[in-house]
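Chemist: Contents of model-v6.pdb (PDB, C-alpha atoms and all ligand atoms) are below:
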ATOM      1  CA  MET A   1      25.193  -4.535  -8.744  1.00  0.00           C
ATOM      2  CA  ALA A   2      22.381  -2.607  -7.023  1.00  0.00           C
ATOM      3  CA  SER A   3      22.768  -2.410  -3.267  1.00  0.00           C
ATOM      4  CA  PRO A   4      19.976  -3.879  -1.051  1.00  0.00           C
ATOM      5  CA  GLU A   5      18.770  -0.431   0.042  1.00  0.00           C
ATOM      6  CA  HIS A   6      17.975   0.192  -3.606  1.00  0.00           C
ATOM      7  CA  SER A   7      15.581  -2.746  -3.836  1.00  0.00           C
ATOM      8  CA  ILE A   8      12.654  -1.995  -6.134  1.00  0.00           C
ATOM      9  CA  ASP A   9      10.226  -1.781  -3.174  1.00  0.00           C
ATOM     10  CA  THR A  10      12.095   1.098  -1.558  1.00  0.00           C
ATOM     11  CA  LEU A  11      12.634   3.265  -4.606  1.00  0.00           C
ATOM     12  CA  ALA A  12      11.195   6.740  -4.208  1.00  0.00           C
ATOM     13  CA  ARG A  13       7.844   7.186  -5.884  1.00  0.00           C
ATOM     14  CA  ARG A  14       5.142   9.793  -6.201  1.00  0.00           C
ATOM     15  CA  GLY A  15       1.920   9.107  -4.316  1.00  0.00           C
ATOM     16  CA  LEU A  16      -1.408   8.701  -6.081  1.00  0.00           C
ATOM     17  CA  MET A  17      -4.977   9.815  -5.547  1.00  0.00           C
ATOM     18  CA  PHE A  18      -7.024   6.624  -5.527  1.00  0.00           C
ATOM     19  CA  ILE A  19     -10.704   7.370  -6.059  1.00  0.00           C
ATOM     20  CA  LEU A  20     -13.369   4.806  -5.211  1.00  0.00           C
ATOM     21  CA  SER A  21     -16.868   5.717  -6.360  1.00  0.00           C
ATOM     22  CA  SER A  22     -20.083   3.717  -6.467  1.00  0.00           C
ATOM     23  CA  PRO A  23     -23.759   4.115  -5.787  1.00  0.00           C
ATOM     24  CA  SER A  24     -24.336   3.868  -2.033  1.00  0.00           C
ATOM     25  CA  GLY A  25     -24.888   0.226  -1.085  1.00  0.00           C
ATOM     26  CA  ALA A  26     -22.420  -1.190  -3.616  1.00  0.00           C
ATOM     27  CA  GLY A  27     -19.857  -1.860  -0.902  1.00  0.00           C
ATOM     28  CA  LYS A  28     -17.495   1.050  -1.412  1.00  0.00           C
ATOM     29  CA  THR A  29     -17.305   1.959   2.280  1.00  0.00           C
ATOM     30  CA  THR A  30     -16.455  -1.617   3.289  1.00  0.00           C
ATOM     31  CA  ILE A  31     -13.837  -1.925   0.546  1.00  0.00           C
ATOM     32  CA  SER A  32     -12.347   1.430   1.625  1.00  0.00           C
ATOM     33  CA  ARG A  33     -12.066   0.265   5.231  1.00  0.00           C
ATOM     34  CA  MET A  34     -10.485  -3.043   4.193  1.00  0.00           C
ATOM     35  CA  LEU A  35      -7.953  -1.189   2.078  1.00  0.00           C
ATOM     36  CA  LEU A  36      -7.044   1.259   4.831  1.00  0.00           C
ATOM     37  CA  ASP A  37      -6.628  -1.618   7.301  1.00  0.00           C
ATOM     38  CA  ALA A  38      -4.520  -3.732   4.962  1.00  0.00           C
ATOM     39  CA  ASP A  39      -2.279  -1.092   3.442  1.00  0.00           C
ATOM     40  CA  ASP A  40      -0.064   1.283   5.422  1.00  0.00           C
ATOM     41  CA  GLU A  41       0.883   3.429   2.464  1.00  0.00           C
ATOM     42  CA  ILE A  42      -2.572   4.804   1.791  1.00  0.00           C
ATOM     43  CA  MET A  43      -4.580   7.145   3.969  1.00  0.00           C
ATOM     44  CA  LEU A  44      -8.131   8.415   3.706  1.00  0.00           C
ATOM     45  CA  SER A  45      -8.768  11.928   2.526  1.00  0.00           C
ATOM     46  CA  VAL A  46     -11.392  12.941   5.085  1.00  0.00           C
ATOM     47  CA  SER A  47     -14.085  15.045   3.413  1.00  0.00           C
ATOM     48  CA  VAL A  48     -15.909  18.001   4.877  1.00  0.00           C
ATOM     49  CA  THR A  49     -19.707  17.771   4.923  1.00  0.00           C
ATOM     50  CA  THR A  50     -22.740  19.723   6.072  1.00  0.00           C
ATOM     51  CA  ARG A  51     -24.643  16.419   6.570  1.00  0.00           C
ATOM     52  CA  PRO A  52     -25.290  15.606  10.234  1.00  0.00           C
ATOM     53  CA  PRO A  53     -23.305  12.621  11.586  1.00  0.00           C
ATOM     54  CA  ARG A  54     -24.938   9.175  11.453  1.00  0.00           C
ATOM     55  CA  GLU A  55     -24.794   6.947  14.473  1.00  0.00           C
ATOM     56  CA  GLY A  56     -21.231   5.791  15.083  1.00  0.00           C
ATOM     57  CA  GLU A  57     -19.642   8.397  12.847  1.00  0.00           C
ATOM     58  CA  ILE A  58     -16.777  10.323  14.407  1.00  0.00           C
ATOM     59  CA  ASP A  59     -15.867  13.914  13.563  1.00  0.00           C
ATOM     60  CA  GLY A  60     -12.439  14.044  11.930  1.00  0.00           C
ATOM     61  CA  VAL A  61     -12.435  10.292  11.191  1.00  0.00           C
ATOM     62  CA  HIS A  62     -15.390   9.692   8.867  1.00  0.00           C
ATOM     63  CA  TYR A  63     -15.953  13.325   7.949  1.00  0.00           C
ATOM     64  CA  HIS A  64     -15.264  16.798   9.228  1.00  0.00           C
ATOM     65  CA  PHE A  65     -18.820  17.796  10.117  1.00  0.00           C
ATOM     66  CA  VAL A  66     -19.439  21.526   9.679  1.00  0.00           C
ATOM     67  CA  ASP A  67     -22.411  23.895   9.436  1.00  0.00           C
ATOM     68  CA  ASP A  68     -23.386  25.862   6.319  1.00  0.00           C
ATOM     69  CA  ALA A  69     -21.562  29.017   7.398  1.00  0.00           C
ATOM     70  CA  GLU A  70     -18.293  27.140   7.919  1.00  0.00           C
ATOM     71  CA  PHE A  71     -18.647  25.380   4.554  1.00  0.00           C
ATOM     72  CA  ASP A  72     -19.252  28.775   2.871  1.00  0.00           C
ATOM     73  CA  ARG A  73     -16.101  30.102   4.504  1.00  0.00           C
ATOM     74  CA  LEU A  74     -14.020  27.157   3.233  1.00  0.00           C
ATOM     75  CA  VAL A  75     -15.386  27.664  -0.300  1.00  0.00           C
ATOM     76  CA  GLU A  76     -14.570  31.380  -0.160  1.00  0.00           C
ATOM     77  CA  GLU A  77     -11.036  30.727   1.044  1.00  0.00           C
ATOM     78  CA  ASP A  78     -10.506  28.243  -1.793  1.00  0.00           C
ATOM     79  CA  ASP A  79      -9.762  25.448   0.663  1.00  0.00           C
ATOM     80  CA  PHE A  80     -11.379  22.711  -1.486  1.00  0.00           C
ATOM     81  CA  TYR A  81     -10.010  20.664  -4.355  1.00  0.00           C
ATOM     82  CA  GLU A  82     -13.629  20.077  -5.284  1.00  0.00           C
ATOM     83  CA  TRP A  83     -17.043  20.142  -3.701  1.00  0.00           C
ATOM     84  CA  ALA A  84     -20.547  19.026  -4.667  1.00  0.00           C
ATOM     85  CA  HIS A  85     -24.185  18.895  -3.571  1.00  0.00           C
ATOM     86  CA  VAL A  86     -25.199  15.319  -2.710  1.00  0.00           C
ATOM     87  CA  PHE A  87     -28.606  14.382  -1.214  1.00  0.00           C
ATOM     88  CA  GLY A  88     -29.301  17.983  -0.212  1.00  0.00           C
ATOM     89  CA  HIS A  89     -26.018  18.420   1.661  1.00  0.00           C
ATOM     90  CA  ARG A  90     -22.635  19.668   0.594  1.00  0.00           C
ATOM     91  CA  TYR A  91     -19.474  17.568   0.531  1.00  0.00           C
ATOM     92  CA  GLY A  92     -15.943  18.727  -0.259  1.00  0.00           C
ATOM     93  CA  THR A  93     -12.352  17.518  -0.427  1.00  0.00           C
ATOM     94  CA  PRO A  94     -10.094  19.774   1.610  1.00  0.00           C
ATOM     95  CA  LYS A  95      -6.728  20.575   0.033  1.00  0.00           C
ATOM     96  CA  GLY A  96      -4.907  20.264   3.348  1.00  0.00           C
ATOM     97  CA  ARG A  97      -1.469  18.784   2.902  1.00  0.00           C
ATOM     98  CA  ILE A  98      -2.349  16.496  -0.005  1.00  0.00           C
ATOM     99  CA  ARG A  99      -0.173  18.091  -2.660  1.00  0.00           C
ATOM    100  CA  SER A 100       3.049  18.111  -0.635  1.00  0.00           C
ATOM    101  CA  ALA A 101       2.372  14.611   0.760  1.00  0.00           C
ATOM    102  CA  LEU A 102       1.943  13.211  -2.775  1.00  0.00           C
ATOM    103  CA  LYS A 103       5.480  14.347  -3.551  1.00  0.00           C
ATOM    104  CA  GLU A 104       6.697  12.396  -0.534  1.00  0.00           C
ATOM    105  CA  GLY A 105       5.046   9.215  -1.806  1.00  0.00           C
ATOM    106  CA  GLN A 106       1.915   9.247   0.353  1.00  0.00           C
ATOM    107  CA  ASP A 107      -1.161   7.730  -1.352  1.00  0.00           C
ATOM    108  CA  PHE A 108      -4.662   9.038  -0.629  1.00  0.00           C
ATOM    109  CA  LEU A 109      -7.967   7.241  -0.831  1.00  0.00           C
ATOM    110  CA  PHE A 110     -11.004   9.301  -1.881  1.00  0.00           C
ATOM    111  CA  ASP A 111     -14.545   8.120  -1.272  1.00  0.00           C
ATOM    112  CA  ILE A 112     -16.244  10.685  -3.498  1.00  0.00           C
ATOM    113  CA  ASP A 113     -18.996  10.746  -6.111  1.00  0.00           C
ATOM    114  CA  TRP A 114     -18.685  11.181  -9.898  1.00  0.00           C
ATOM    115  CA  GLN A 115     -18.891  14.985  -9.729  1.00  0.00           C
ATOM    116  CA  GLY A 116     -15.954  15.155  -7.334  1.00  0.00           C
ATOM    117  CA  THR A 117     -14.054  12.619  -9.427  1.00  0.00           C
ATOM    118  CA  GLN A 118     -14.502  14.722 -12.543  1.00  0.00           C
ATOM    119  CA  GLN A 119     -13.287  17.871 -10.800  1.00  0.00           C
ATOM    120  CA  LEU A 120     -10.309  16.149  -9.195  1.00  0.00           C
ATOM    121  CA  TYR A 121      -9.328  14.580 -12.504  1.00  0.00           C
ATOM    122  CA  GLN A 122      -9.468  17.951 -14.254  1.00  0.00           C
ATOM    123  CA  LYS A 123      -7.136  19.401 -11.640  1.00  0.00           C
ATOM    124  CA  ASP A 124      -4.615  16.596 -11.425  1.00  0.00           C
ATOM    125  CA  GLN A 125      -4.735  13.935 -14.148  1.00  0.00           C
ATOM    126  CA  GLN A 126      -1.305  12.454 -13.529  1.00  0.00           C
ATOM    127  CA  ASP A 127      -1.989  11.485  -9.899  1.00  0.00           C
ATOM    128  CA  VAL A 128      -5.624  10.400 -10.124  1.00  0.00           C
ATOM    129  CA  VAL A 129      -6.688   6.746 -10.469  1.00  0.00           C
ATOM    130  CA  ARG A 130     -10.450   6.317 -10.847  1.00  0.00           C
ATOM    131  CA  VAL A 131     -12.152   3.091  -9.757  1.00  0.00           C
ATOM    132  CA  PHE A 132     -15.896   2.505  -9.962  1.00  0.00           C
ATOM    133  CA  ILE A 133     -17.626  -0.272  -8.036  1.00  0.00           C
ATOM    134  CA  LEU A 134     -20.856  -1.682  -9.455  1.00  0.00           C
ATOM    135  CA  PRO A 135     -23.409  -3.782  -7.576  1.00  0.00           C
ATOM    136  CA  PRO A 136     -24.169  -7.203  -9.117  1.00  0.00           C
ATOM    137  CA  SER A 137     -27.814  -6.175  -9.708  1.00  0.00           C
ATOM    138  CA  ILE A 138     -30.365  -3.462  -8.870  1.00  0.00           C
ATOM    139  CA  VAL A 139     -32.345  -5.949  -6.741  1.00  0.00           C
ATOM    140  CA  GLU A 140     -29.237  -6.695  -4.678  1.00  0.00           C
ATOM    141  CA  LEU A 141     -28.486  -2.989  -4.328  1.00  0.00           C
ATOM    142  CA  ARG A 142     -31.940  -2.316  -2.856  1.00  0.00           C
ATOM    143  CA  ARG A 143     -31.591  -5.301  -0.547  1.00  0.00           C
ATOM    144  CA  ARG A 144     -28.275  -3.977   0.747  1.00  0.00           C
ATOM    145  CA  LEU A 145     -29.680  -0.479   1.288  1.00  0.00           C
ATOM    146  CA  GLU A 146     -32.705  -1.878   3.147  1.00  0.00           C
ATOM    147  CA  SER A 147     -30.597  -4.150   5.330  1.00  0.00           C
ATOM    148  CA  ARG A 148     -28.682  -1.158   6.668  1.00  0.00           C
ATOM    149  CA  ALA A 149     -31.894  -0.124   8.474  1.00  0.00           C
ATOM    150  CA  GLN A 150     -30.392   3.291   9.072  1.00  0.00           C
ATOM    151  CA  ASP A 151     -32.515   5.168   6.594  1.00  0.00           C
ATOM    152  CA  SER A 152     -36.273   5.648   6.104  1.00  0.00           C
ATOM    153  CA  ALA A 153     -38.118   4.196   3.069  1.00  0.00           C
ATOM    154  CA  ALA A 154     -38.229   7.642   1.475  1.00  0.00           C
ATOM    155  CA  VAL A 155     -34.468   8.020   1.882  1.00  0.00           C
ATOM    156  CA  ILE A 156     -33.914   4.533   0.405  1.00  0.00           C
ATOM    157  CA  ASP A 157     -36.097   5.429  -2.608  1.00  0.00           C
ATOM    158  CA  ALA A 158     -34.097   8.614  -3.087  1.00  0.00           C
ATOM    159  CA  ARG A 159     -30.837   6.648  -2.853  1.00  0.00           C
ATOM    160  CA  MET A 160     -32.085   4.112  -5.431  1.00  0.00           C
ATOM    161  CA  GLU A 161     -32.962   6.967  -7.753  1.00  0.00           C
ATOM    162  CA  ARG A 162     -29.554   8.490  -7.226  1.00  0.00           C
ATOM    163  CA  ALA A 163     -27.866   5.089  -7.619  1.00  0.00           C
ATOM    164  CA  ARG A 164     -29.215   4.828 -11.165  1.00  0.00           C
ATOM    165  CA  SER A 165     -27.875   8.243 -12.022  1.00  0.00           C
ATOM    166  CA  GLU A 166     -24.513   7.511 -10.328  1.00  0.00           C
ATOM    167  CA  ILE A 167     -24.201   4.230 -12.288  1.00  0.00           C
ATOM    168  CA  SER A 168     -24.703   6.125 -15.552  1.00  0.00           C
ATOM    169  CA  HIS A 169     -21.243   7.682 -15.026  1.00  0.00           C
ATOM    170  CA  TRP A 170     -19.428   4.328 -14.976  1.00  0.00           C
ATOM    171  CA  ASP A 171     -17.619   5.044 -18.226  1.00  0.00           C
ATOM    172  CA  ALA A 172     -15.802   8.077 -16.798  1.00  0.00           C
ATOM    173  CA  TYR A 173     -13.607   5.753 -14.697  1.00  0.00           C
ATOM    174  CA  ASP A 174     -10.311   3.993 -15.430  1.00  0.00           C
ATOM    175  CA  TYR A 175     -11.390   0.717 -13.796  1.00  0.00           C
ATOM    176  CA  VAL A 176     -14.788  -0.840 -13.102  1.00  0.00           C
ATOM    177  CA  VAL A 177     -15.175  -3.694 -10.621  1.00  0.00           C
ATOM    178  CA  ILE A 178     -18.414  -5.598  -9.994  1.00  0.00           C
ATOM    179  CA  ASN A 179     -18.868  -6.302  -6.312  1.00  0.00           C
ATOM    180  CA  ASP A 180     -20.473  -9.734  -6.338  1.00  0.00           C
ATOM    181  CA  ASP A 181     -18.226 -11.047  -3.606  1.00  0.00           C
ATOM    182  CA  MET A 182     -16.608  -8.608  -1.159  1.00  0.00           C
ATOM    183  CA  GLN A 183     -13.277 -10.480  -0.815  1.00  0.00           C
ATOM    184  CA  ALA A 184     -12.904 -10.958  -4.571  1.00  0.00           C
ATOM    185  CA  CYS A 185     -13.748  -7.300  -5.182  1.00  0.00           C
ATOM    186  CA  PHE A 186     -11.252  -6.213  -2.539  1.00  0.00           C
ATOM    187  CA  ALA A 187      -8.528  -8.372  -4.106  1.00  0.00           C
ATOM    188  CA  LYS A 188      -9.138  -6.734  -7.476  1.00  0.00           C
ATOM    189  CA  VAL A 189      -9.026  -3.243  -6.002  1.00  0.00           C
ATOM    190  CA  ARG A 190      -5.670  -4.049  -4.363  1.00  0.00           C
ATOM    191  CA  GLU A 191      -4.299  -5.385  -7.631  1.00  0.00           C
ATOM    192  CA  ILE A 192      -5.270  -2.122  -9.331  1.00  0.00           C
ATOM    193  CA  LEU A 193      -3.553  -0.099  -6.594  1.00  0.00           C
ATOM    194  CA  ASP A 194      -0.393  -2.238  -6.727  1.00  0.00           C
ATOM    195  CA  ALA A 195      -0.143  -2.009 -10.505  1.00  0.00           C
ATOM    196  CA  GLU A 196      -0.732   1.763 -10.504  1.00  0.00           C
ATOM    197  CA  ARG A 197       2.066   2.214  -7.967  1.00  0.00           C
ATOM    198  CA  MET A 198       4.435   0.454 -10.364  1.00  0.00           C
ATOM    199  CA  LYS A 199       3.757   2.848 -13.244  1.00  0.00           C
ATOM    200  CA  ARG A 200       7.028   4.200 -14.564  1.00  0.00           C
ATOM    201  CA  GLN A 201       6.136   7.876 -14.268  1.00  0.00           C
ATOM    202  CA  ARG A 202       5.260   7.428 -10.551  1.00  0.00           C
ATOM    203  CA  GLN A 203       8.580   5.786  -9.756  1.00  0.00           C
ATOM    204  CA  THR A 204      10.657   8.902  -9.352  1.00  0.00           C
ATOM    205  CA  GLY A 205      13.540   6.853  -7.949  1.00  0.00           C
ATOM    206  CA  LEU A 206      14.009   4.936 -11.201  1.00  0.00           C
ATOM    207  CA  ILE A 207      16.263   7.458 -12.920  1.00  0.00           C
ATOM    208  CA  PRO A 208      19.010   7.385 -10.256  1.00  0.00           C
ATOM    209  CA  PHE A 209      18.546   3.614  -9.894  1.00  0.00           C
ATOM    210  CA  VAL A 210      19.020   2.953 -13.602  1.00  0.00           C
ATOM    211  CA  ARG A 211      21.884   5.441 -13.776  1.00  0.00           C
ATOM    212  CA  GLU A 212      23.624   3.408 -11.096  1.00  0.00           C
ATOM    213  CA  LEU A 213      22.839   0.140 -12.876  1.00  0.00           C
ATOM    214  CA  MET A 214      24.459   1.450 -16.015  1.00  0.00           C
ATOM    215  CA  SER A 215      27.497   3.042 -14.449  1.00  0.00           C
TER     216      SER A 215
HETATM  217  P1  LIG A 301     -22.721   9.637   2.611  1.00  0.00           P
HETATM  218  O1  LIG A 301     -23.589  10.763   3.078  1.00  0.00           O
HETATM  219  O2  LIG A 301     -23.497   8.366   2.388  1.00  0.00           O
HETATM  220  O3  LIG A 301     -21.526   9.444   3.502  1.00  0.00           O
HETATM  221  O4  LIG A 301     -22.121  10.059   1.187  1.00  0.00           O
HETATM  222  C1  LIG A 301     -22.974  10.415   0.148  1.00  0.00           C
HETATM  223  C2  LIG A 301     -22.192  10.586  -1.128  1.00  0.00           C
HETATM  224  O5  LIG A 301     -21.321  11.711  -1.041  1.00  0.00           O
HETATM  225  C3  LIG A 301     -21.310   9.394  -1.490  1.00  0.00           C
HETATM  226  O6  LIG A 301     -21.574   9.054  -2.856  1.00  0.00           O
HETATM  227  C4  LIG A 301     -19.922   9.905  -1.328  1.00  0.00           C
HETATM  228  O7  LIG A 301     -19.027   9.282  -2.244  1.00  0.00           O
HETATM  229  C5  LIG A 301     -20.091  11.377  -1.646  1.00  0.00           C
HETATM  230  N1  LIG A 301     -19.005  12.176  -1.062  1.00  0.00           N
HETATM  231  C6  LIG A 301     -18.420  12.043   0.151  1.00  0.00           C
HETATM  232  N2  LIG A 301     -17.443  12.944   0.306  1.00  0.00           N
HETATM  233  C7  LIG A 301     -17.388  13.668  -0.835  1.00  0.00           C
HETATM  234  C8  LIG A 301     -16.557  14.762  -1.284  1.00  0.00           C
HETATM  235  O8  LIG A 301     -15.668  15.250  -0.600  1.00  0.00           O
HETATM  236  N3  LIG A 301     -16.827  15.242  -2.527  1.00  0.00           N
HETATM  237  C9  LIG A 301     -17.785  14.715  -3.336  1.00  0.00           C
HETATM  238  N4  LIG A 301     -17.945  15.250  -4.542  1.00  0.00           N
HETATM  239  N5  LIG A 301     -18.589  13.701  -2.942  1.00  0.00           N
HETATM  240  C10 LIG A 301     -18.398  13.184  -1.718  1.00  0.00           C
END
Taking this structure as input, can you express it in the form of structure tokens?
Modeler:
Amino acid sequence: MASPEHSIDTLARRGLMFILSSPSGAGKTTISRMLLDADDEIMLSVSVTTRPPREGEIDGVHYHFVDDAEFDRLVEEDDFYEWAHVFGHRYGTPKGRIRSALKEGQDFLFDIDWQGTQQLYQKDQQDVVRVFILPPSIVELRRRLESRAQDSAAVIDARMERARSEISHWDAYDYVVINDDMQACFAKVREILDAERMKRQRQTGLIPFVRELMS
């Protein structure tokens, strides 16, 4: 019989790269925060950006805020998994310790756009899980962007324009969730994460476990 320390929940497994993308205003940031609060096994991959911090944003927590020269240096030193131009600024995923941590079973959450998703997927298909969050309607998306009151009308128009183009990439994702209700959307995202963790090829501890079962 399997001993208790070999319970299915403690078997060694490989971590995954959980990507959440959506047009801004579809609730991705809120869902990301809820996930990070509720789940100890996943941590945020903090991106590097040349965009100035918004009110309340903390360097090293929400982003690593850098100037153009520093971003250039990171690109030259091949320190990014991927990077992209978004809204006139540059954003990139630093390699950091991701690869070695994945081996140890650490999961990472990525809040990146479709370009970054495509690049990350090309580099590491086995570890990447791609989830796209859609707003329930375009009217609701605009309402949510306006209610943030952080951005000017011109910025909101630009974000609406970009939202349409971001939405057009929905079919390059493994899962698509419509965010009509935040709690329901969050529950679905967690179910996706839980099921992906159970995939056979991620459960590296299964071979010794089954060997023991059969001995
Ligand atoms: P915001 O400026 O509103 O925080 O983010 C703008 C957009 O940049 C979002 O769609 C976000 O997903 C994307 N983004 C943030 N970090 C990265 C990154 O490291 N790489 C890529 N490709 N996109 C990113």
Chemist: Please evaluate the PyMOL selection byres (((chain A and resi 81-83) around 7) and not hetatm) against the structure above and give the resulting residues as a list of chain:residue names.
Modeler: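 Output from the PyMOL selection byres (((chain A and resi 81-83) around 7) and not hetatm), applied to this file: A:Asp79, A:Phe80, A:Ala84, A:Tyr91, A:Gly92, A:Thr93, A:Pro94, A:Lys95, A:Gly116, A:Gln119, A:Leu120.
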Chemist: With C-alpha atoms kept, could you save the residues just selected as a short mmCIF file (atom, residue, chain, number, x, y, z; two decimals), in the coordinates of the input?
Modeler:
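So the final result, stored in again-v5.cif, reads:
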data_model
loop_
_atom_site.label_atom_id
_atom_site.label_comp_id
_atom_site.auth_asym_id
_atom_site.auth_seq_id
_atom_site.Cartn_x
_atom_site.Cartn_y
_atom_site.Cartn_z
CA ASP A 79 -9.76 25.45 0.66
CA PHE A 80 -11.38 22.71 -1.49
CA ALA A 84 -20.55 19.03 -4.67
CA TYR A 91 -19.47 17.57 0.53
CA GLY A 92 -15.94 18.73 -0.26
CA THR A 93 -12.35 17.52 -0.43
CA PRO A 94 -10.09 19.77 1.61
CA LYS A 95 -6.73 20.58 0.03
CA GLY A 116 -15.95 15.16 -7.33
CA GLN A 119 -13.29 17.87 -10.80
CA LEU A 120 -10.31 16.15 -9.20
#
Chemist: Return the single residue from A:Asp67, A:Glu57, A:Asp174, A:Asp157 that is closest to ligand LIG 301 (chain A), with distances computed using all atoms listed in the file.
Modeler: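 Checking each of A:Asp67, A:Glu57, A:Asp174, A:Asp157 against ligand LIG 301 (chain A), counting all atoms listed in the file, the winner is A:Glu57.
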Chemist: Hey, can you check how far atom CA of A:Val75 sits from atom O3 of ligand LIG 301 (chain A)?
Modeler: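 A separation of 19.6 Å between them.
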Chemist: Work out where the centre of an axis-aligned box around every listed atom of stretch 72-90 of chain A lies and how long its edges are once 4 Å is added on each side; give both in Å to one decimal as AutoDock Vina command-line options.
Modeler:
--center_x -19.5 --center_y 22.9 --center_z -0.4 --size_x 27.5 --size_y 25.0 --size_z 17.8
Chemist: Mind listing the residues within 8 Å of ligand LIG 301 (chain A), only C-alpha atoms and all ligand atoms counted, as a VMD selection string?
Modeler: chain A and resid 20 to 24 46 to 49 51 63 82 to 87 90 to 94 110 to 117
Chemist: Take the residues that were just selected and, keeping C-alpha atoms, output them as a compact mmCIF listing (two decimals), in the frame of the given file.
Modeler:
# COMPACT_ATOMS: atom_id res chain seq x y z
CA LEU A 20 -13.37 4.81 -5.21
CA SER A 21 -16.87 5.72 -6.36
CA SER A 22 -20.08 3.72 -6.47
CA PRO A 23 -23.76 4.12 -5.79
CA SER A 24 -24.34 3.87 -2.03
CA VAL A 46 -11.39 12.94 5.08
CA SER A 47 -14.08 15.04 3.41
CA VAL A 48 -15.91 18.00 4.88
CA THR A 49 -19.71 17.77 4.92
CA ARG A 51 -24.64 16.42 6.57
CA TYR A 63 -15.95 13.32 7.95
CA GLU A 82 -13.63 20.08 -5.28
CA TRP A 83 -17.04 20.14 -3.70
CA ALA A 84 -20.55 19.03 -4.67
CA HIS A 85 -24.18 18.90 -3.57
CA VAL A 86 -25.20 15.32 -2.71
CA PHE A 87 -28.61 14.38 -1.21
CA ARG A 90 -22.64 19.67 0.59
CA TYR A 91 -19.47 17.57 0.53
CA GLY A 92 -15.94 18.73 -0.26
CA THR A 93 -12.35 17.52 -0.43
CA PRO A 94 -10.09 19.77 1.61
CA PHE A 110 -11.00 9.30 -1.88
CA ASP A 111 -14.54 8.12 -1.27
CA ILE A 112 -16.24 10.68 -3.50
CA ASP A 113 -19.00 10.75 -6.11
CA TRP A 114 -18.68 11.18 -9.90
CA GLN A 115 -18.89 14.98 -9.73
CA GLY A 116 -15.95 15.16 -7.33
CA THR A 117 -14.05 12.62 -9.43
Chemist: Using all atoms listed in the file, which residue out of A:Arg97, A:Arg200, A:Arg130, A:Arg73 lies closest to A:Asp171?
Modeler: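 Between A:Arg97, A:Arg200, A:Arg130, A:Arg73, the residue approaching A:Asp171 most closely is A:Arg130.
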Chemist: How many Å lie between atom CA of A:Asn179 and atom CA of A:His64, rounded to one decimal?
Modeler: 28.1 Å
Chemist: Quick one, how far is atom CA of A:Ile178 from atom CA of A:Ile31?
Modeler: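 Computing the Euclidean distance for atom CA of A:Ile178 and atom CA of A:Ile31 yields 12.1 Å.
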Chemist: Just the residues within 7 Å of stretch 202-214 of chain A, please, counting all atoms listed in the file, with nothing from its chain fewer than 2 positions along; format it as a compact mmCIF listing (two decimals) with C-alpha atoms, in the coordinates of the input.
Modeler:
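Result file is out-v3.txt:
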# COMPACT_ATOMS: atom_id res chain seq x y z
CA MET A 1 25.19 -4.54 -8.74
CA ALA A 2 22.38 -2.61 -7.02
CA LEU A 11 12.63 3.26 -4.61
CA ALA A 12 11.20 6.74 -4.21
CA ARG A 13 7.84 7.19 -5.88
CA ARG A 14 5.14 9.79 -6.20
CA ARG A 197 2.07 2.21 -7.97
CA MET A 198 4.43 0.45 -10.36
CA LYS A 199 3.76 2.85 -13.24
CA ARG A 200 7.03 4.20 -14.56
Chemist: If the PyMOL selection byres (((chain A and resi 187) around 12) and not hetatm) is run on the structure shown, which residues does it catch, given as a PyMOL selection string?
Modeler: chain A and resi 31-32+34-35+38+177-179+181-186+188-194
Chemist: Which neighbours of A:Pro135 fall inside 8 Å, counting all atoms listed in the file, when residues of the same chain fewer than 5 positions from it are skipped, and could you give them as a CSV table (one decimal) with C-alpha atoms, keeping the file's coordinate frame?
Modeler:
chain,number,residue,atom,x,y,z
A,25,GLY,CA,-24.9,0.2,-1.1
A,26,ALA,CA,-22.4,-1.2,-3.6
A,27,GLY,CA,-19.9,-1.9,-0.9
A,140,GLU,CA,-29.2,-6.7,-4.7
A,141,LEU,CA,-28.5,-3.0,-4.3
A,178,ILE,CA,-18.4,-5.6,-10.0
A,179,ASN,CA,-18.9,-6.3,-6.3
A,180,ASP,CA,-20.5,-9.7,-6.3
Chemist: Would you mind putting N, CA, C and O atoms back on stretch 39-44 of chain A and writing the result as an mmCIF file, in the coordinates of the input?
Modeler:
data_model
loop_
_atom_site.group_PDB
_atom_site.id
_atom_site.type_symbol
_atom_site.label_atom_id
_atom_site.label_comp_id
_atom_site.auth_asym_id
_atom_site.auth_seq_id
_atom_site.Cartn_x
_atom_site.Cartn_y
_atom_site.Cartn_z
ATOM 1 N N ASP A 39 -3.365 -1.759 4.163
ATOM 2 C CA ASP A 39 -2.279 -1.092 3.442
ATOM 3 C C ASP A 39 -1.831 0.167 4.182
ATOM 4 O O ASP A 39 -2.583 1.121 4.317
ATOM 5 N N ASP A 40 -0.574 0.156 4.631
ATOM 6 C CA ASP A 40 -0.064 1.283 5.422
ATOM 7 C C ASP A 40 0.292 2.505 4.596
ATOM 8 O O ASP A 40 0.524 3.578 5.134
ATOM 9 N N GLU A 41 0.392 2.318 3.290
ATOM 10 C CA GLU A 41 0.883 3.429 2.464
ATOM 11 C C GLU A 41 -0.229 4.328 1.946
ATOM 12 O O GLU A 41 0.031 5.298 1.250
ATOM 13 N N ILE A 42 -1.465 3.973 2.272
ATOM 14 C CA ILE A 42 -2.572 4.804 1.791
ATOM 15 C C ILE A 42 -3.359 5.345 2.981
ATOM 16 O O ILE A 42 -3.545 4.636 3.976
ATOM 17 N N MET A 43 -3.734 6.601 2.904
ATOM 18 C CA MET A 43 -4.580 7.145 3.969
ATOM 19 C C MET A 43 -5.818 7.812 3.369
ATOM 20 O O MET A 43 -5.806 8.241 2.211
ATOM 21 N N LEU A 44 -6.866 7.869 4.184
ATOM 22 C CA LEU A 44 -8.131 8.415 3.706
ATOM 23 C C LEU A 44 -8.067 9.931 3.651
ATOM 24 O O LEU A 44 -7.585 10.576 4.590
#
